[in-house]
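So this one's upload.txt, compact mmCIF, C-alpha atoms and all ligand atoms:
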# COMPACT_ATOMS: atom_id res chain seq x y z
CA MET A 1 0.00 0.00 0.00
CA GLU A 2 1.21 3.52 -0.81
CA PHE A 3 1.07 6.27 1.80
CA SER A 4 1.18 9.99 1.02
CA THR A 5 3.62 12.26 2.85
CA ALA A 6 0.57 14.05 4.30
CA THR A 7 -0.58 10.75 5.84
CA LEU A 8 2.86 10.01 7.31
CA LYS A 9 3.03 13.54 8.71
CA ALA A 10 -0.46 13.27 10.21
CA LEU A 11 0.53 10.01 11.89
CA VAL A 12 3.66 11.50 13.44
CA ASP A 13 1.55 14.45 14.68
CA LEU A 14 -0.86 11.98 16.29
CA ALA A 15 2.01 10.14 18.00
CA ARG A 16 3.32 13.46 19.34
CA GLN A 17 0.24 13.80 21.53
CA GLY A 18 2.00 11.33 23.82
CA GLU A 19 5.28 13.28 23.98
CA GLY A 20 6.21 14.09 27.56
CA HIS A 21 3.76 11.53 28.99
CA THR A 22 4.91 8.04 27.97
CA ARG A 23 8.19 7.48 29.81
CA PRO A 24 9.86 5.03 29.99
CA ASN A 25 8.12 4.25 26.70
CA PRO A 26 8.41 6.23 23.46
CA PRO A 27 5.53 8.14 21.84
CA VAL A 28 3.93 6.04 19.07
CA GLY A 29 1.00 6.51 16.66
CA ALA A 30 -0.94 4.07 14.46
CA PHE A 31 -3.60 4.20 11.70
CA VAL A 32 -5.80 1.36 10.41
CA PHE A 33 -6.79 1.60 6.73
CA ALA A 34 -9.69 0.19 4.71
CA ARG A 35 -9.04 -1.29 1.26
CA ASP A 36 -10.03 2.01 -0.44
CA GLY A 37 -7.32 3.86 1.52
CA ARG A 38 -9.65 5.49 4.07
CA ILE A 39 -8.33 5.76 7.63
CA ILE A 40 -10.79 3.76 9.79
CA GLY A 41 -8.87 3.65 13.07
CA ARG A 42 -6.51 6.04 14.89
CA GLY A 43 -4.55 5.51 18.07
CA TRP A 44 -1.58 6.74 20.04
CA HIS A 45 0.24 5.56 23.14
CA HIS A 46 -0.95 7.74 26.04
CA LYS A 47 1.05 6.43 28.99
CA ALA A 48 3.22 3.46 30.02
CA GLY A 49 1.03 0.60 31.26
CA GLU A 50 -1.83 1.68 29.00
CA ASN A 51 -2.59 0.40 25.49
CA HIS A 52 0.06 0.62 22.83
CA ALA A 53 -0.76 2.71 19.75
CA GLU A 54 -1.66 -0.31 17.59
CA VAL A 55 -4.17 -1.61 20.15
CA GLU A 56 -5.71 1.87 20.49
CA ALA A 57 -6.06 2.14 16.68
CA ILE A 58 -7.61 -1.34 16.41
CA ALA A 59 -10.09 -0.49 19.20
CA ASP A 60 -10.97 2.78 17.43
CA TRP A 61 -11.59 0.90 14.17
CA LYS A 62 -13.80 -1.73 15.89
CA LYS A 63 -15.76 1.02 17.64
CA HIS A 64 -16.42 3.29 14.65
CA HIS A 65 -16.28 0.98 11.60
CA PRO A 66 -17.08 -2.50 12.90
CA ARG A 67 -18.34 -3.72 9.54
CA THR A 68 -15.39 -2.44 7.45
CA LYS A 69 -12.53 -4.88 6.87
CA ALA A 70 -9.04 -3.66 7.77
CA HIS A 71 -6.61 -3.73 4.87
CA ALA A 72 -3.43 -2.35 6.47
CA LEU A 73 -1.93 -0.94 9.63
CA LEU A 74 0.61 1.90 9.60
CA VAL A 75 2.60 2.59 12.78
CA THR A 76 5.45 4.99 13.57
CA LEU A 77 7.43 2.30 15.45
CA GLU A 78 8.05 -1.38 14.76
CA PRO A 79 5.29 -3.27 16.66
CA CYS A 80 6.47 -4.94 19.84
CA SER A 81 6.53 -8.72 19.72
CA ARG A 82 7.29 -9.55 23.36
CA PRO A 83 4.85 -8.80 26.17
CA GLY A 84 5.89 -6.19 28.74
CA ARG A 85 3.52 -4.18 30.94
CA VAL A 86 0.95 -4.93 28.22
CA GLY A 87 0.55 -7.74 25.67
CA ALA A 88 2.59 -7.86 22.46
CA CYS A 89 1.18 -5.77 19.58
CA THR A 90 2.02 -8.47 17.03
CA GLU A 91 -0.47 -10.71 18.91
CA ALA A 92 -3.14 -8.00 18.74
CA ILE A 93 -2.52 -7.54 15.00
CA ILE A 94 -2.79 -11.31 14.43
CA ARG A 95 -6.04 -11.48 16.42
CA ALA A 96 -7.46 -8.53 14.45
CA GLN A 97 -6.48 -10.27 11.19
CA ILE A 98 -4.93 -7.21 9.58
CA PRO A 99 -3.08 -8.54 6.51
CA ARG A 100 -0.44 -5.78 6.08
CA VAL A 101 1.74 -3.83 8.48
CA THR A 102 4.09 -0.95 7.66
CA TYR A 103 6.29 0.68 10.30
CA LEU A 104 8.32 3.86 9.95
CA CYS A 105 11.17 3.20 12.40
CA PRO A 106 12.74 0.06 13.94
CA ASP A 107 12.28 -0.31 17.71
CA PRO A 108 15.62 0.66 19.36
CA ASN A 109 14.72 -1.64 22.27
CA PRO A 110 16.72 -4.87 21.74
CA LYS A 111 13.79 -6.81 23.23
CA ASN A 112 11.67 -6.04 20.16
CA ARG A 113 14.08 -4.83 17.48
CA GLY A 114 13.86 -6.72 14.18
CA ARG A 115 11.43 -9.33 15.49
CA ALA A 116 8.04 -8.12 14.24
CA GLN A 117 8.41 -9.28 10.65
CA ALA A 118 9.10 -12.93 11.55
CA ALA A 119 6.42 -12.96 14.27
CA LEU A 120 3.81 -11.79 11.74
CA ALA A 121 5.07 -13.84 8.76
CA ASP A 122 4.09 -17.05 10.58
CA TYR A 123 0.49 -15.86 10.27
CA GLY A 124 0.75 -14.75 6.63
CA ILE A 125 0.91 -11.05 7.58
CA ALA A 126 3.22 -8.94 5.43
CA CYS A 127 5.37 -6.52 7.44
CA GLU A 128 7.57 -3.86 5.86
CA TYR A 129 9.84 -1.10 7.09
CA LEU A 130 9.36 2.25 5.36
CA PRO A 131 12.05 4.61 6.73
CA TYR A 132 10.69 8.06 7.61
CA GLU A 133 13.02 10.49 9.39
CA PRO A 134 10.36 12.32 11.46
CA ALA A 135 9.36 8.94 12.95
CA ALA A 136 12.99 8.26 13.91
CA ASP A 137 13.07 11.75 15.47
CA LEU A 138 10.09 10.83 17.64
CA VAL A 139 12.08 8.05 19.35
CA ARG A 140 15.47 9.80 19.38
CA ALA A 141 15.36 10.37 23.16
CA PHE A 142 14.01 6.87 23.92
CA ALA A 143 16.74 5.36 21.69
CA LYS A 144 19.48 7.23 23.57
CA ARG A 145 18.22 5.99 26.93
CA VAL A 146 17.76 2.34 25.95
CA LYS A 147 21.24 2.32 24.41
CA THR A 148 23.18 4.21 27.13
CA GLY A 149 20.98 4.27 30.24
CA LEU A 150 21.13 8.08 30.18
CA PRO A 151 18.42 10.50 29.04
CA TYR A 152 18.71 12.61 25.89
CA VAL A 153 19.71 16.12 26.95
CA THR A 154 18.70 19.31 25.19
CA VAL A 155 20.36 22.47 26.49
CA LYS A 156 18.47 25.66 25.79
CA LEU A 157 20.27 28.98 25.95
CA ALA A 158 19.13 32.43 24.89
CA MET A 159 22.07 34.47 23.70
CA THR A 160 22.65 38.02 22.45
CA LEU A 161 24.61 38.90 19.33
CA ASP A 162 27.66 39.51 21.53
CA GLY A 163 27.35 36.04 23.03
CA LYS A 164 25.92 37.02 26.42
CA ILE A 165 23.36 34.83 28.18
CA ALA A 166 22.87 37.36 30.97
CA ASP A 167 23.53 41.06 31.42
CA ASN A 168 26.34 42.39 33.57
CA TRP A 169 24.19 42.03 36.68
CA GLY A 170 23.49 38.37 35.90
CA GLU A 171 19.93 39.24 34.88
CA ALA A 172 18.74 36.91 32.06
CA LYS A 173 15.04 37.68 31.90
CA TRP A 174 15.01 40.17 29.04
CA ILE A 175 17.34 38.51 26.59
CA SER A 176 14.79 36.61 24.51
CA SER A 177 11.50 38.08 23.36
CA ALA A 178 8.13 37.15 24.87
CA ALA A 179 7.32 35.28 21.63
CA SER A 180 10.37 33.07 21.85
CA ARG A 181 9.91 32.49 25.59
CA GLN A 182 6.43 31.28 24.70
CA LYS A 183 7.86 28.99 22.02
CA THR A 184 10.53 27.45 24.24
CA GLY A 185 7.93 27.21 27.03
CA GLU A 186 5.95 24.90 24.76
CA LEU A 187 8.95 22.58 24.66
CA ARG A 188 8.29 21.93 28.36
CA GLU A 189 5.07 20.14 27.34
CA ARG A 190 7.06 17.57 25.38
CA VAL A 191 9.94 16.54 27.68
CA ASP A 192 10.09 14.38 30.82
CA ALA A 193 12.07 16.79 33.01
CA ILE A 194 13.32 20.38 33.16
CA MET A 195 16.70 20.79 34.76
CA VAL A 196 18.32 23.99 36.06
CA GLY A 197 21.22 24.94 38.27
CA ALA A 198 20.83 26.32 41.78
CA GLY A 199 21.79 29.83 40.61
CA THR A 200 18.79 29.97 38.27
CA VAL A 201 16.44 29.04 41.13
CA ARG A 202 17.97 31.70 43.42
CA LYS A 203 18.04 34.42 40.78
CA ASP A 204 14.87 33.85 38.71
CA ASN A 205 12.59 31.84 41.03
CA PRO A 206 11.15 30.12 37.93
CA SER A 207 8.08 27.84 37.84
CA LEU A 208 9.74 25.47 35.32
CA LEU A 209 6.28 24.48 34.14
CA ALA A 210 4.77 24.28 30.66
CA HIS A 211 3.19 27.58 29.58
CA GLY A 212 0.24 26.27 27.60
CA ARG A 213 -1.22 22.87 28.34
CA PRO A 214 -0.07 21.88 31.86
CA ASN A 215 1.92 18.63 31.88
CA PRO A 216 1.42 16.85 35.22
CA ASP A 217 4.03 14.25 34.20
CA LEU A 218 6.81 16.83 33.96
CA VAL A 219 9.39 16.67 36.76
CA ARG A 220 11.51 19.65 37.85
CA VAL A 221 15.16 18.97 38.62
CA VAL A 222 17.65 21.25 40.37
CA VAL A 223 21.39 20.59 40.46
CA SER A 224 22.94 22.13 43.54
CA ARG A 225 26.35 21.21 44.90
CA SER A 226 25.63 22.78 48.30
CA GLY A 227 21.98 21.75 48.45
CA GLN A 228 21.30 25.21 49.89
CA LEU A 229 18.25 26.38 48.02
CA PRO A 230 15.63 28.94 49.09
CA GLU A 231 12.89 26.98 50.85
CA ASN A 232 10.28 29.42 49.61
CA ALA A 233 11.19 29.04 45.90
CA GLN A 234 7.99 28.39 43.94
CA ILE A 235 9.27 25.00 42.63
CA PHE A 236 9.11 23.79 46.26
CA THR A 237 6.01 25.61 47.43
CA ASP A 238 3.54 25.80 44.52
CA GLY A 239 2.15 22.29 45.20
CA LYS A 240 2.38 21.53 41.50
CA ASN A 241 4.82 19.16 39.78
CA GLU A 242 7.40 17.09 41.63
CA THR A 243 10.85 18.70 42.18
CA LEU A 244 14.02 16.63 42.64
CA VAL A 245 17.38 17.95 43.84
CA PHE A 246 20.74 16.36 42.96
CA GLY A 247 24.32 17.24 43.94
CA ASN A 248 25.86 17.06 40.46
CA PRO A 249 24.75 16.73 36.83
CA HIS A 250 26.12 13.22 36.30
CA THR A 251 24.29 11.76 39.33
CA ALA A 252 21.16 13.60 38.24
CA LEU A 253 21.16 12.13 34.72
CA ALA A 254 22.19 8.63 35.84
CA GLU A 255 19.30 8.56 38.31
CA LEU A 256 16.80 10.02 35.83
CA GLY A 257 17.90 7.43 33.24
CA ARG A 258 17.43 4.68 35.83
CA ARG A 259 13.92 5.97 36.47
CA GLY A 260 13.12 5.81 32.72
CA PHE A 261 13.30 9.52 31.84
CA ASN A 262 13.91 9.78 28.09
CA HIS A 263 14.23 13.53 27.46
CA VAL A 264 15.63 16.19 29.81
CA LEU A 265 15.59 19.87 28.92
CA CYS A 266 18.27 21.97 30.63
CA GLU A 267 17.33 25.64 30.83
CA GLY A 268 20.48 27.05 32.37
CA GLY A 269 22.35 28.56 33.79
CA LYS A 270 25.70 28.71 32.15
CA VAL A 271 27.55 26.86 34.95
CA LEU A 272 25.28 23.83 34.57
CA ALA A 273 25.35 24.02 30.75
CA ALA A 274 29.16 24.16 30.83
CA SER A 275 29.46 21.17 33.20
CA LEU A 276 27.09 19.13 31.05
CA ALA A 277 29.16 20.02 27.97
CA GLU A 278 32.43 19.15 29.73
CA LEU A 279 31.03 15.80 30.79
CA GLY A 280 29.94 15.08 27.18
CA LEU A 281 26.32 14.82 28.30
CA VAL A 282 24.71 17.26 25.85
CA ASP A 283 22.89 15.73 22.86
CA GLU A 284 21.35 18.89 21.45
CA TRP A 285 21.85 22.64 21.77
CA LEU A 286 18.83 24.83 21.27
CA THR A 287 20.13 28.37 21.03
CA VAL A 288 17.85 31.35 20.75
CA LEU A 289 19.88 34.05 19.07
CA CYS A 290 18.44 37.44 20.01
CA PRO A 291 19.09 40.58 17.93
CA LYS A 292 20.41 42.54 20.90
CA VAL A 293 23.79 43.67 22.17
CA ILE A 294 24.58 43.99 25.87
CA GLY A 295 28.12 45.30 25.66
CA GLU A 296 30.20 45.87 28.78
CA ARG A 297 28.00 48.46 30.44
CA HIS A 298 25.86 47.74 33.47
CA VAL A 299 22.14 47.45 33.38
CA GLY A 300 20.51 50.63 34.57
CA GLU A 301 23.11 52.69 32.74
CA ALA A 302 22.44 51.61 29.17
CA ALA A 303 21.84 47.90 29.18
CA VAL A 304 20.25 45.91 26.41
CA PHE A 305 20.09 47.42 22.94
CA GLY A 306 17.04 46.02 21.17
CA GLY A 307 17.21 45.12 17.48
CA GLY A 308 14.22 47.07 16.15
CA LYS A 309 11.86 44.77 14.28
CA LEU A 310 14.28 41.86 13.93
CA GLU A 311 13.06 38.64 15.46
CA ASP A 312 14.85 36.05 17.58
CA VAL A 313 16.36 33.17 15.60
CA PHE A 314 16.23 29.55 16.74
CA VAL A 315 19.31 27.47 16.08
CA CYS A 316 19.17 23.75 16.85
CA LEU A 317 22.47 21.83 16.75
CA ARG A 318 22.91 18.15 17.55
CA ALA A 319 26.07 17.49 19.55
C1 LIG A 401 4.58 -0.63 20.28
N1 LIG A 401 3.61 0.31 20.40
O1 LIG A 401 2.75 2.11 21.35
C2 LIG A 401 4.83 1.38 22.12
C3 LIG A 401 5.87 0.41 21.96
O2 LIG A 401 6.11 -2.33 28.88
P1 LIG A 401 5.31 -2.25 27.62
O3 LIG A 401 4.50 -3.49 27.36
O4 LIG A 401 4.50 -0.99 27.50
O5 LIG A 401 6.37 -2.25 26.42
C4 LIG A 401 7.26 -1.21 26.28
C5 LIG A 401 8.12 -1.42 25.07
O6 LIG A 401 7.33 -1.52 23.88
C6 LIG A 401 9.03 -0.23 24.85
O7 LIG A 401 10.26 -0.39 25.52
C7 LIG A 401 9.21 -0.23 23.36
O8 LIG A 401 10.15 -1.21 22.98
C8 LIG A 401 7.84 -0.69 22.88
N2 LIG A 401 6.98 0.47 22.72
N3 LIG A 401 5.71 -0.55 21.03
O9 LIG A 401 4.43 -1.58 19.52
C9 LIG A 401 3.69 1.29 21.28
N4 LIG A 401 4.94 2.36 23.06
ZN ZN A 402 3.32 -2.81 21.34

Could you take the file, read its structure, and then write that structure out as structure tokens?
Amino acid sequence: MEFSTATLKALVDLARQGEGHTRPNPPVGAFVFARDGRIIGRGWHHKAGENHAEVEAIADWKKHHPRTKAHALLVTLEPCSRPGRVGACTEAIIRAQIPRVTYLCPDPNPKNRGRAQAALADYGIACEYLPYEPAADLVRAFAKRVKTGLPYVTVKLAMTLDGKIADNWGEAKWISSAASRQKTGELRERVDAIMVGAGTVRKDNPSLLAHGRPNPDLVRVVVSRSGQLPENAQIFTDGKNETLVFGNPHTALAELGRRGFNHVLCEGGKVLAASLAELGLVDEWLTVLCPKVIGERHVGEAAVFGGGKLEDVFVCLRA
């Protein structure tokens, strides 16, 4: 069966609804198709311990189109073939008698990798791998953790044209525009944890929460060598998401990896970002380049020179 790029893109978008909620599992999406190419079932993996995407899509098909025969199943990740918290998806596909399966990325988990095709072939079900980069991107963080035991780390920094991430008083609030703070705030909806250094907590008293849709699964992490943090900081007192404190970045990531965290977003400050870089723990740099110059003068005298109508630029580099 042929799939249009629009269909593949729509499927990845569906899978992304699970981003930031599925740890230790990856986000996954699946469509069931009728013979005429219509999508008759849609599903995504919501949370570990709940249905996998394939099972959700099959249930959706049975609920809304019980009399239509399924012709094919398309899934962003190779279907699992060994039971875990839930039953194997290959078994569900066999029971549903879907004759064709296409997946867009192999499962990085050695437990399942490369096994779906043989498991389905025994039942006369054709299974093919159609490589699609955005589907591999979806499981990039999960793949890093299952291979190394450590989470995938994105470090976000907002920087001026003269390379400053804070003004000469250490004030970082006004470097990026409100629009880009909104945009990077949305990233918090899609990761498992937000990590900052103690200095950022003392200086900015941030909430470290998603700006738009609240993500109750998001965990806040502070790295503090001394452990001396203000007790009244909102991350400890707002009664919202869990906050964990670790003594150094390596211990923090090793423990988060052990607990199944796939993607950690580090939002500063520069001491923590530099230690992560020195330890070789950064997978991705997300730099917001702001059209401003701070220079050597102190805030209050003539601080940040704005760049007129120019907008912030997002630069994403994989380490
Ligand atoms: C799929 N569809 O939607 C997901 C898959 O403990 P379990 O039973 O939830 O299994 C987790 C493993 O299954 C996970 O490590 C990964 O290999 C795969 N994830 N597979 O067919 C899904 N989330
Ligand atoms: Zn599965």

For this session: Please extract the residues at most 8 Å from ligand ZN 402 (chain A), counting all atoms listed in the file, and provide them as a VMD selection string, using the chain letters and residue numbers of this document.
Result: chain A and resid 51 to 55 79 to 81 83 86 to 90

Seminar exercise, completed: Min atom-atom distance to ligand LIG 401 (chain A) from the set A:Pro214, A:Pro66, A:Pro99, A:Pro106, counting all atoms listed in the file, belongs to A:Pro106

For this session: Show which residues sit within 10 Å of Val222 (chain A), as a PyMOL selection string. Count all atoms listed in the file, and ignore same-chain residues fewer than 3 positions away.
Result: chain A and resi 194-201+225+227+229+235+243-249+252+266+272

Could the residues that lie within 10 Å of ligand LIG 401 (chain A), counting only C-alpha atoms and all ligand atoms, be listed as a PDB file with C-alpha atoms, in the coordinates of the input?
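Written out: selection-v4.pdb:
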ATOM      1  CA  ALA A  15       2.010  10.140  18.000  1.00  0.00           C
ATOM      2  CA  GLY A  18       2.000  11.330  23.820  1.00  0.00           C
ATOM      3  CA  THR A  22       4.910   8.040  27.970  1.00  0.00           C
ATOM      4  CA  ARG A  23       8.190   7.480  29.810  1.00  0.00           C
ATOM      5  CA  PRO A  24       9.860   5.030  29.990  1.00  0.00           C
ATOM      6  CA  ASN A  25       8.120   4.250  26.700  1.00  0.00           C
ATOM      7  CA  PRO A  26       8.410   6.230  23.460  1.00  0.00           C
ATOM      8  CA  PRO A  27       5.530   8.140  21.840  1.00  0.00           C
ATOM      9  CA  VAL A  28       3.930   6.040  19.070  1.00  0.00           C
ATOM     10  CA  GLY A  29       1.000   6.510  16.660  1.00  0.00           C
ATOM     11  CA  ALA A  30      -0.940   4.070  14.460  1.00  0.00           C
ATOM     12  CA  GLY A  43      -4.550   5.510  18.070  1.00  0.00           C
ATOM     13  CA  TRP A  44      -1.580   6.740  20.040  1.00  0.00           C
ATOM     14  CA  HIS A  45       0.240   5.560  23.140  1.00  0.00           C
ATOM     15  CA  HIS A  46      -0.950   7.740  26.040  1.00  0.00           C
ATOM     16  CA  LYS A  47       1.050   6.430  28.990  1.00  0.00           C
ATOM     17  CA  ALA A  48       3.220   3.460  30.020  1.00  0.00           C
ATOM     18  CA  GLY A  49       1.030   0.600  31.260  1.00  0.00           C
ATOM     19  CA  GLU A  50      -1.830   1.680  29.000  1.00  0.00           C
ATOM     20  CA  ASN A  51      -2.590   0.400  25.490  1.00  0.00           C
ATOM     21  CA  HIS A  52       0.060   0.620  22.830  1.00  0.00           C
ATOM     22  CA  ALA A  53      -0.760   2.710  19.750  1.00  0.00           C
ATOM     23  CA  GLU A  54      -1.660  -0.310  17.590  1.00  0.00           C
ATOM     24  CA  VAL A  55      -4.170  -1.610  20.150  1.00  0.00           C
ATOM     25  CA  GLU A  56      -5.710   1.870  20.490  1.00  0.00           C
ATOM     26  CA  ALA A  57      -6.060   2.140  16.680  1.00  0.00           C
ATOM     27  CA  VAL A  75       2.600   2.590  12.780  1.00  0.00           C
ATOM     28  CA  THR A  76       5.450   4.990  13.570  1.00  0.00           C
ATOM     29  CA  LEU A  77       7.430   2.300  15.450  1.00  0.00           C
ATOM     30  CA  GLU A  78       8.050  -1.380  14.760  1.00  0.00           C
ATOM     31  CA  PRO A  79       5.290  -3.270  16.660  1.00  0.00           C
ATOM     32  CA  CYS A  80       6.470  -4.940  19.840  1.00  0.00           C
ATOM     33  CA  SER A  81       6.530  -8.720  19.720  1.00  0.00           C
ATOM     34  CA  ARG A  82       7.290  -9.550  23.360  1.00  0.00           C
ATOM     35  CA  PRO A  83       4.850  -8.800  26.170  1.00  0.00           C
ATOM     36  CA  GLY A  84       5.890  -6.190  28.740  1.00  0.00           C
ATOM     37  CA  ARG A  85       3.520  -4.180  30.940  1.00  0.00           C
ATOM     38  CA  VAL A  86       0.950  -4.930  28.220  1.00  0.00           C
ATOM     39  CA  GLY A  87       0.550  -7.740  25.670  1.00  0.00           C
ATOM     40  CA  ALA A  88       2.590  -7.860  22.460  1.00  0.00           C
ATOM     41  CA  CYS A  89       1.180  -5.770  19.580  1.00  0.00           C
ATOM     42  CA  THR A  90       2.020  -8.470  17.030  1.00  0.00           C
ATOM     43  CA  ALA A  92      -3.140  -8.000  18.740  1.00  0.00           C
ATOM     44  CA  TYR A 103       6.290   0.680  10.300  1.00  0.00           C
ATOM     45  CA  PRO A 106      12.740   0.060  13.940  1.00  0.00           C
ATOM     46  CA  ASP A 107      12.280  -0.310  17.710  1.00  0.00           C
ATOM     47  CA  PRO A 108      15.620   0.660  19.360  1.00  0.00           C
ATOM     48  CA  ASN A 109      14.720  -1.640  22.270  1.00  0.00           C
ATOM     49  CA  PRO A 110      16.720  -4.870  21.740  1.00  0.00           C
ATOM     50  CA  LYS A 111      13.790  -6.810  23.230  1.00  0.00           C
ATOM     51  CA  ASN A 112      11.670  -6.040  20.160  1.00  0.00           C
ATOM     52  CA  ARG A 113      14.080  -4.830  17.480  1.00  0.00           C
ATOM     53  CA  ALA A 116       8.040  -8.120  14.240  1.00  0.00           C
ATOM     54  CA  VAL A 139      12.080   8.050  19.350  1.00  0.00           C
ATOM     55  CA  PHE A 142      14.010   6.870  23.920  1.00  0.00           C
ATOM     56  CA  ALA A 143      16.740   5.360  21.690  1.00  0.00           C
ATOM     57  CA  VAL A 146      17.760   2.340  25.950  1.00  0.00           C
ATOM     58  CA  GLY A 260      13.120   5.810  32.720  1.00  0.00           C
TER      59      GLY A 260
END

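CA of Lys63 (chain A) is positioned 15.8 Å from CA of Ile98 (chain A).
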
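The two atoms in question, CA of Val219 (chain A) and CA of Gly280 (chain A), are spaced 22.7 Å apart.
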
Please determine an axis-aligned box that encloses all atoms of region 36-44 of chain A listed in the file, with 6 Å added on each side, and express its centre and edge lengths in Å to one decimal as lines of an AutoDock Vina configuration file.
center_x = -6.2
center_y = 4.4
center_z = 9.8
size_x = 21.2
size_y = 16.7
size_z = 32.5

Problem set entry | Interatomic distance, CA of Gln182 (chain A) to CA of Ala10 (chain A) (Å, one decimal) | 24.1 Å

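Across A:Leu218, A:Cys105, A:Val155, A:Leu161, the tightest approach to Arg140 (chain A) is made by A:Cys105 when counting only C-alpha atoms.
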
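Ranking A:Gly37, A:Gly20, A:Gly239, A:Gly163 by their shortest atom-to-atom distance to Ile294 (chain A), with only C-alpha atoms included, puts A:Gly163 first.
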
For this session: Find the residues near Pro134 (chain A): any atom within 8 Å, counting only C-alpha atoms, skip ones fewer than 2 places away on the same chain, and give them as a ChimeraX atom specification.
Result: /A:9,12,132,136-138

Using only C-alpha atoms, please write the residues we just selected to a file, as an mmCIF file, in the frame of the given file.
data_model
loop_
_atom_site.group_PDB
_atom_site.id
_atom_site.type_symbol
_atom_site.label_atom_id
_atom_site.label_comp_id
_atom_site.auth_asym_id
_atom_site.auth_seq_id
_atom_site.Cartn_x
_atom_site.Cartn_y
_atom_site.Cartn_z
ATOM 1 C CA LYS A 9 3.030 13.540 8.710
ATOM 2 C CA VAL A 12 3.660 11.500 13.440
ATOM 3 C CA TYR A 132 10.690 8.060 7.610
ATOM 4 C CA ALA A 136 12.990 8.260 13.910
ATOM 5 C CA ASP A 137 13.070 11.750 15.470
ATOM 6 C CA LEU A 138 10.090 10.830 17.640
#

Seminar exercise, completed: Glu231 (chain A) proximity check over A:Arg181, A:Lys164, A:His250, A:Arg202, using only C-alpha atoms: winner is A:Arg202

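Among A:Ile40, A:Val264, A:Ala158, A:Val153, the residue with the shortest atom-to-atom distance to Ala193 (chain A), counting all atoms listed in the file, is A:Val264.
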
For this session: List every protein, DNA or RNA residue with an atom no more than 10 Å from (23.5, 39.7, 20.5) in the file's coordinates, counting only C-alpha atoms, and format the result as a ChimeraX atom specification.
Result: /A:158-165,175,289-295,304-307,312

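Closest approach to Leu120 (chain A) among A:Thr102, A:Asn205, A:Gln17, A:Ser226: A:Thr102, based on all atoms listed in the file.
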
Using 12 Å as the limit and counting only C-alpha atoms, can you tabulate each residue of region 12-75 of chain A that touches region 121-127 of chain A, with its shortest atom-to-atom distance in Å and the two atoms involved, as JSON lines?
{"residue": "A:His71", "atom": "CA", "partner": "A:Ile125", "partner_atom": "CA", "distance": 10.8}
{"residue": "A:Ala72", "atom": "CA", "partner": "A:Ala126", "partner_atom": "CA", "distance": 9.4}
{"residue": "A:Leu73", "atom": "CA", "partner": "A:Cys127", "partner_atom": "CA", "distance": 9.4}
{"residue": "A:Leu74", "atom": "CA", "partner": "A:Cys127", "partner_atom": "CA", "distance": 9.9}
{"residue": "A:Val75", "atom": "CA", "partner": "A:Cys127", "partner_atom": "CA", "distance": 10.9}
